[in-house]
Amino acid sequence: MPKRRYLVTSGLPYSNGRLHVGHVAGAYLPADTYVRFLRARGHDALFVCGSDDNGVASLISARKEGIPVEELTAKYNARQAEDFKGLGIRFDIFGGTHQPGFTDLHNRLSQEMFTTIHDKGYFTKKTTKQLYDVEAGQFLPDRYVKGTCYHKLPDGSVCGYTEAYGDQCESCGHAIDPIELIEPTSTITGTKPEPRETTHWYLRLDAFEKQLQEWLEGKREAANGDPAWRETVLNFTLGQVRQGLPERAMTRDLDWGVPVPLDDPDAAGKMLYVWFDAPIGYVSFTAAYCQQTGGDWAGYKNWWKDPDTRLVHFIGEDNTVFHALIWPAMLMAEGTYQLPRTVVANSFLNIKVEGQEEQKISKSRGMAIWVEEYLKNLEPDPLRYYLTAISPETSRTAFDIDDFIARNNGELLNALGNFVNRTITFTRKHFEGAVPEPGERSQADQDHLDFIAAQKEKITLSLDACRFKAALAELMALARAGNGYLDLKKPWTQRKEDMAACGTTMNIGIQTVRALAVLMAPFMPFSAEKIAGMLNLESEDGVLPWDDATSELGAGHPLAEAEILFRKLDASELFGAD
RNA sequence: GGCGGCGUAGCUCAGUUGGUUAGAGCGAUGGACUCAUAACCCAUAGGUCAGUGGUUCAACUCCACUCGCCGCUACCA
């Protein structure tokens, strides 16, 4: 297999809060698993992420917490970085669009892209009326305006719902133009905003409709080693294209962000739209990485402008429109960058606790499992395992605490952990702490070895296709088969009758343990590392070469003492409210 | 209203171009074993694949409609 070069990104987390399990399951854990898999197969991979610090949401949060926005984003950037580290999600670089050491490069690259697109004529300059909060001194995004719904119902009356937000009325369901709201109120200050004129630059997405459509249509099938895109992403984006793509404003009236780099009085005091600069974060963090490791930030071009680099974005479903339509359109407009090869979008994760209905994860209602809290008491691998097992790849799924406990105890502990433990323990005890001679293999022995190879192949295919849940199920099938094999061969009986036959069984048992260690490493790196320790395997920076799953550990290879991989969990001792 | 998705065993879900008796895990029942974190293994039970109609030699799989649930509808990210 030829060595390939990958640039993998995870959607930038917004640096105005902590991370919960839904974030992890969406854009971060699958990406980390994928990168570990690529490296195990010998490919080059650069894994890039960082926080999204700009935009109005962090300003609002900073106001709420009563601290400067720089302080707020720095605080959450650091805490999120810790969370990722604790979970074994290992980015090569974790930057931030407004963090010290990153801002200069980020602003520069963002402004360059804006300028290039502007000079190529893909922006339209337009002046519109928007609501302005005089007290806060800022224009209000739709969502931050509240008022009475003006929408006329079929019977001729007016909806009149008084709690309607500026984007949509929850009572009649109609989309709202905030300018039309009756008695509008700013949700920031509670004052009445006034309409003011403002000028912005709109990206002409319509100019790229055809190009986007052809590009997306080409993603239905796997090609050139790139997987087929998920149907959910294609259905959504192609549906949008079919309906026609409107112009979208790429600038905002704000004082926090990347300044609009135009020599135009109308651009004074304006910033780039946060969704314009956020994906450029992937580029600027790459540049920062190049600067930190090789001294030359311009090295980012070797990743971003080289057609041999495969750019893969992992995101949550809410980011689909930005990563699969707007961002590619920006890249098409700019003209010198490579387009994403793959955009992997996961759906949201709901949460379910005993006695209650499944519901959305919610900060305000305390319905969330925070990574920080989890890591205080528990090991990362069970969470990595569970979140992959219930990965919302095709539709929403729910984090169910009872289910988490049941899977930890029944699958990780009883099936996988116990198999590793019984195999190592028995072999050490009866074969002087080393791998026994393979001896003569029966049909059953060969069948089991064939099964290992078959599972490795299935897992490889599934991971290549970014089907993490399916790959993990095949891994568990191998652990179960290991248990079945031992029960079939009964080495505890063989030991008394035919020591050589017993040695053959345990030799194959050890080969199975080794295969498990290699194949589970992308999913559960900490546990894989423990098994590697028991088997005295060489691993380079935590990477176990993928093909070692089916290469045999020789007779006489020493074994270390068995170590408990997973411990039994009880729901009552975990996950206190909030 | 428009776009999209979902509805498969008691529970959670898989079913990759339509093709033989529809699968897995958990749970339940019965049996076996004792190397192991009282774990593991084997067997059995259980489904009119939401419903109706259609295309086809053949449909869980394609088409139409019905019922139920959900998401999105774009300057909040």
# chains A, B, ... in the order shown; residues from 1 in each chain; ligands from 1

$ interface_residues --of "chain B" --to "chain A" --cutoff "10 Å" --atoms "only C-alpha atoms (C1' of nucleotides)" --output "MDAnalysis selection string"
chainID B and resid 1:6 12:14 24:26 33:37 39:42 70:77

$ closest_residue --among "A:Pro328, A:Gly556, A:Gly244, A:Gly101" --to "Asp206 in chain A" --atoms "only C-alpha atoms"
A:Gly244

$ closest_residue --among "B:G30, B:G18, B:G23, B:G7" --to "A50 in chain B" --atoms "only C-alpha atoms (C1' of nucleotides)"
B:G7

$ select_by_dssp --residues "range 333-477 of chain A" --states "strand (DSSP E or B)" --output "list in words"
Thr342, Val343, Val344, Ala345, Asn346, Leu349, Asn350, Ile351, Lys352, Gln359, Lys360, Ser362, Met367, Trp370, Thr397, Ala398, Phe399, Asp400 and Ala434 of chain A

$ residues_around --residues "U66 in chain B" --least-positions-apart "3" --cutoff "12 Å" --atoms "only C-alpha atoms (C1' of nucleotides)" --output "ChimeraX atom specification"
/B:50-53

$ atom_distance --atom1 "CA of Ala288 in chain A" --atom2 "CA of Leu46 in chain A"
12.6 Å

$ select_by_dssp --residues "range 333-412 of chain A" --states "helix (DSSP H, G or I)" --output "mmCIF file with N, CA and C atoms, in the first residue's frame"
data_model
loop_
_atom_site.group_PDB
_atom_site.id
_atom_site.type_symbol
_atom_site.label_atom_id
_atom_site.label_comp_id
_atom_site.auth_asym_id
_atom_site.auth_seq_id
_atom_site.Cartn_x
_atom_site.Cartn_y
_atom_site.Cartn_z
ATOM 1 N N ALA A 333 -13.306 30.054 -4.816
ATOM 2 C CA ALA A 333 -13.163 31.465 -5.165
ATOM 3 C C ALA A 333 -11.700 31.900 -5.052
ATOM 4 N N GLU A 334 -11.057 31.438 -3.988
ATOM 5 C CA GLU A 334 -9.663 31.827 -3.781
ATOM 6 C C GLU A 334 -8.774 31.233 -4.876
ATOM 7 N N VAL A 371 -16.757 16.456 30.216
ATOM 8 C CA VAL A 371 -15.517 15.694 30.122
ATOM 9 C C VAL A 371 -14.698 15.877 31.396
ATOM 10 N N GLU A 372 -14.609 17.102 31.871
ATOM 11 C CA GLU A 372 -13.849 17.378 33.099
ATOM 12 C C GLU A 372 -14.323 16.517 34.253
ATOM 13 N N GLU A 373 -15.648 16.464 34.413
ATOM 14 C CA GLU A 373 -16.221 15.689 35.519
ATOM 15 C C GLU A 373 -15.921 14.211 35.334
ATOM 16 N N TYR A 374 -16.118 13.746 34.130
ATOM 17 C CA TYR A 374 -15.901 12.336 33.847
ATOM 18 C C TYR A 374 -14.472 11.919 34.191
ATOM 19 N N LEU A 375 -13.529 12.731 33.747
ATOM 20 C CA LEU A 375 -12.125 12.346 33.917
ATOM 21 C C LEU A 375 -11.661 12.399 35.370
ATOM 22 N N LYS A 376 -12.432 13.047 36.212
ATOM 23 C CA LYS A 376 -12.054 13.074 37.626
ATOM 24 C C LYS A 376 -12.071 11.683 38.240
ATOM 25 N N ASN A 377 -13.038 10.859 37.822
ATOM 26 C CA ASN A 377 -13.189 9.547 38.445
ATOM 27 C C ASN A 377 -12.899 8.370 37.543
ATOM 28 N N PRO A 380 -10.286 7.145 30.478
ATOM 29 C CA PRO A 380 -10.793 7.626 29.185
ATOM 30 C C PRO A 380 -11.316 6.524 28.261
ATOM 31 N N ASP A 381 -10.685 5.351 28.277
ATOM 32 C CA ASP A 381 -11.062 4.347 27.284
ATOM 33 C C ASP A 381 -12.529 3.884 27.330
ATOM 34 N N PRO A 382 -13.090 3.650 28.515
ATOM 35 C CA PRO A 382 -14.515 3.267 28.500
ATOM 36 C C PRO A 382 -15.401 4.314 27.834
ATOM 37 N N LEU A 383 -15.069 5.579 28.021
ATOM 38 C CA LEU A 383 -15.867 6.627 27.367
ATOM 39 C C LEU A 383 -15.625 6.606 25.861
ATOM 40 N N ARG A 384 -14.370 6.468 25.477
ATOM 41 C CA ARG A 384 -14.059 6.381 24.044
ATOM 42 C C ARG A 384 -14.810 5.198 23.433
ATOM 43 N N TYR A 385 -14.790 4.088 24.140
ATOM 44 C CA TYR A 385 -15.469 2.894 23.636
ATOM 45 C C TYR A 385 -16.965 3.140 23.478
ATOM 46 N N TYR A 386 -17.563 3.644 24.535
ATOM 47 C CA TYR A 386 -19.018 3.821 24.505
ATOM 48 C C TYR A 386 -19.444 4.830 23.450
ATOM 49 N N LEU A 387 -18.721 5.935 23.378
ATOM 50 C CA LEU A 387 -19.107 6.967 22.402
ATOM 51 C C LEU A 387 -18.939 6.479 20.966
ATOM 52 N N THR A 388 -18.009 5.580 20.749
ATOM 53 C CA THR A 388 -17.878 5.012 19.404
ATOM 54 C C THR A 388 -18.974 3.981 19.164
ATOM 55 N N ALA A 389 -19.280 3.196 20.185
ATOM 56 C CA ALA A 389 -20.301 2.160 20.048
ATOM 57 C C ALA A 389 -21.671 2.763 19.737
ATOM 58 N N ILE A 401 -26.858 6.411 30.570
ATOM 59 C CA ILE A 401 -25.911 6.076 31.625
ATOM 60 C C ILE A 401 -25.959 4.595 31.994
ATOM 61 N N ASP A 402 -27.159 4.048 32.047
ATOM 62 C CA ASP A 402 -27.266 2.626 32.371
ATOM 63 C C ASP A 402 -26.638 1.759 31.280
ATOM 64 N N ASP A 403 -26.824 2.208 30.060
ATOM 65 C CA ASP A 403 -26.261 1.479 28.927
ATOM 66 C C ASP A 403 -24.733 1.569 28.948
ATOM 67 N N PHE A 404 -24.234 2.736 29.330
ATOM 68 C CA PHE A 404 -22.792 2.926 29.443
ATOM 69 C C PHE A 404 -22.209 1.935 30.446
ATOM 70 N N ILE A 405 -22.850 1.835 31.604
ATOM 71 C CA ILE A 405 -22.399 0.906 32.643
ATOM 72 C C ILE A 405 -22.469 -0.535 32.134
ATOM 73 N N ALA A 406 -23.594 -0.853 31.496
ATOM 74 C CA ALA A 406 -23.792 -2.231 31.025
ATOM 75 C C ALA A 406 -22.749 -2.612 29.983
ATOM 76 N N ARG A 407 -22.444 -1.698 29.088
ATOM 77 C CA ARG A 407 -21.462 -2.012 28.049
ATOM 78 C C ARG A 407 -20.056 -2.086 28.639
ATOM 79 N N ASN A 408 -19.767 -1.213 29.568
ATOM 80 C CA ASN A 408 -18.453 -1.271 30.199
ATOM 81 C C ASN A 408 -18.264 -2.627 30.877
ATOM 82 N N ASN A 409 -19.253 -3.015 31.658
ATOM 83 C CA ASN A 409 -19.119 -4.248 32.422
ATOM 84 C C ASN A 409 -19.249 -5.495 31.556
ATOM 85 N N GLY A 410 -20.182 -5.468 30.625
ATOM 86 C CA GLY A 410 -20.459 -6.666 29.836
ATOM 87 C C GLY A 410 -19.514 -6.849 28.656
ATOM 88 N N GLU A 411 -19.124 -5.755 28.032
ATOM 89 C CA GLU A 411 -18.325 -5.875 26.820
ATOM 90 C C GLU A 411 -16.836 -5.654 27.086
ATOM 91 N N LEU A 412 -16.520 -4.526 27.676
ATOM 92 C CA LEU A 412 -15.094 -4.254 27.903
ATOM 93 C C LEU A 412 -14.508 -5.179 28.956
#

$ residues_around --residues "Ala164 in chain A" --least-positions-apart "5" --cutoff "6 Å" --atoms "only C-alpha atoms (C1' of nucleotides)" --output "list in words"
Lys146, Gly147, Thr148, Cys149 and Cys169 of chain A

$ write_last_selection --atoms "N, CA, C and O atoms" --output "PDB file, in the first residue's frame"
ATOM      1  N   LYS A 146     -35.820  39.842  20.599  1.00  0.00           N
ATOM      2  CA  LYS A 146     -37.068  39.205  20.981  1.00  0.00           C
ATOM      3  C   LYS A 146     -38.196  40.187  20.695  1.00  0.00           C
ATOM      4  O   LYS A 146     -37.982  41.399  20.756  1.00  0.00           O
ATOM      5  N   GLY A 147     -39.378  39.681  20.399  1.00  0.00           N
ATOM      6  CA  GLY A 147     -40.483  40.608  20.173  1.00  0.00           C
ATOM      7  C   GLY A 147     -41.758  39.852  19.881  1.00  0.00           C
ATOM      8  O   GLY A 147     -41.844  38.637  20.097  1.00  0.00           O
ATOM      9  N   THR A 148     -42.740  40.573  19.391  1.00  0.00           N
ATOM     10  CA  THR A 148     -44.026  39.965  19.102  1.00  0.00           C
ATOM     11  C   THR A 148     -44.103  39.589  17.623  1.00  0.00           C
ATOM     12  O   THR A 148     -43.783  40.399  16.755  1.00  0.00           O
ATOM     13  N   CYS A 149     -44.531  38.348  17.376  1.00  0.00           N
ATOM     14  CA  CYS A 149     -44.590  37.837  16.010  1.00  0.00           C
ATOM     15  C   CYS A 149     -45.653  38.578  15.209  1.00  0.00           C
ATOM     16  O   CYS A 149     -46.777  38.735  15.648  1.00  0.00           O
ATOM     17  N   CYS A 169     -40.380  32.197  14.880  1.00  0.00           N
ATOM     18  CA  CYS A 169     -41.398  32.216  15.926  1.00  0.00           C
ATOM     19  C   CYS A 169     -41.693  30.789  16.352  1.00  0.00           C
ATOM     20  O   CYS A 169     -42.040  29.958  15.520  1.00  0.00           O
TER      21      CYS A 169
END

$ residues_around --residues "Ala434 in chain A" --least-positions-apart "5" --cutoff "10 Å" --atoms "only C-alpha atoms (C1' of nucleotides)" --output "number ranges by chain"
A: 424, 427-429, 507, 510, 535, 554-560

$ write_last_selection --atoms "N, CA, C and O atoms" --output "compact mmCIF listing (two decimals), in the first residue's frame"
# COMPACT_ATOMS: atom_id res chain seq x y z
N ILE A 424 -3.28 -14.34 29.29
CA ILE A 424 -1.95 -14.00 29.79
C ILE A 424 -1.65 -14.77 31.09
O ILE A 424 -0.58 -15.36 31.25
N THR A 427 -1.06 -18.55 30.46
CA THR A 427 0.18 -18.82 29.73
C THR A 427 1.39 -18.60 30.64
O THR A 427 2.32 -19.41 30.66
N ARG A 428 1.36 -17.51 31.37
CA ARG A 428 2.49 -17.23 32.26
C ARG A 428 2.67 -18.33 33.29
O ARG A 428 3.79 -18.75 33.60
N LYS A 429 1.55 -18.80 33.78
CA LYS A 429 1.60 -19.78 34.86
C LYS A 429 2.15 -21.13 34.40
O LYS A 429 2.92 -21.77 35.11
N ASN A 507 -0.51 -20.50 22.47
CA ASN A 507 0.23 -19.72 21.48
C ASN A 507 -0.77 -18.91 20.63
O ASN A 507 -0.62 -17.71 20.43
N ILE A 510 -2.38 -16.14 22.59
CA ILE A 510 -1.52 -14.94 22.68
C ILE A 510 -1.54 -14.16 21.37
O ILE A 510 -1.57 -12.93 21.36
N LEU A 535 2.62 -7.79 26.70
CA LEU A 535 3.22 -8.63 25.67
C LEU A 535 4.65 -8.20 25.33
O LEU A 535 5.28 -8.80 24.46
N GLY A 554 6.79 -14.75 18.22
CA GLY A 554 7.53 -16.00 18.22
C GLY A 554 7.55 -16.74 19.56
O GLY A 554 7.37 -16.13 20.62
N ALA A 555 7.76 -18.04 19.50
CA ALA A 555 7.87 -18.84 20.71
C ALA A 555 9.04 -18.34 21.55
O ALA A 555 10.07 -17.96 21.00
N GLY A 556 8.84 -18.31 22.85
CA GLY A 556 9.90 -17.85 23.74
C GLY A 556 9.84 -16.37 24.05
O GLY A 556 10.52 -15.90 24.96
N HIS A 557 9.03 -15.63 23.31
CA HIS A 557 8.88 -14.20 23.57
C HIS A 557 8.33 -14.02 24.99
O HIS A 557 7.32 -14.61 25.35
N PRO A 558 9.03 -13.25 25.82
CA PRO A 558 8.62 -13.14 27.22
C PRO A 558 7.34 -12.33 27.42
O PRO A 558 7.08 -11.37 26.69
N LEU A 559 6.57 -12.74 28.41
CA LEU A 559 5.33 -12.04 28.75
C LEU A 559 5.47 -11.39 30.11
O LEU A 559 6.05 -11.97 31.03
N ALA A 560 4.92 -10.17 30.21
CA ALA A 560 4.94 -9.51 31.52
C ALA A 560 3.67 -9.89 32.27
O ALA A 560 2.79 -10.56 31.74

$ residues_around --residues "Ile531 in chain A" --least-positions-apart "2" --cutoff "9 Å" --atoms "only C-alpha atoms (C1' of nucleotides)" --output "ChimeraX atom specification"
/A:420,513-514,516-517,526-529,533-537,562-563,565
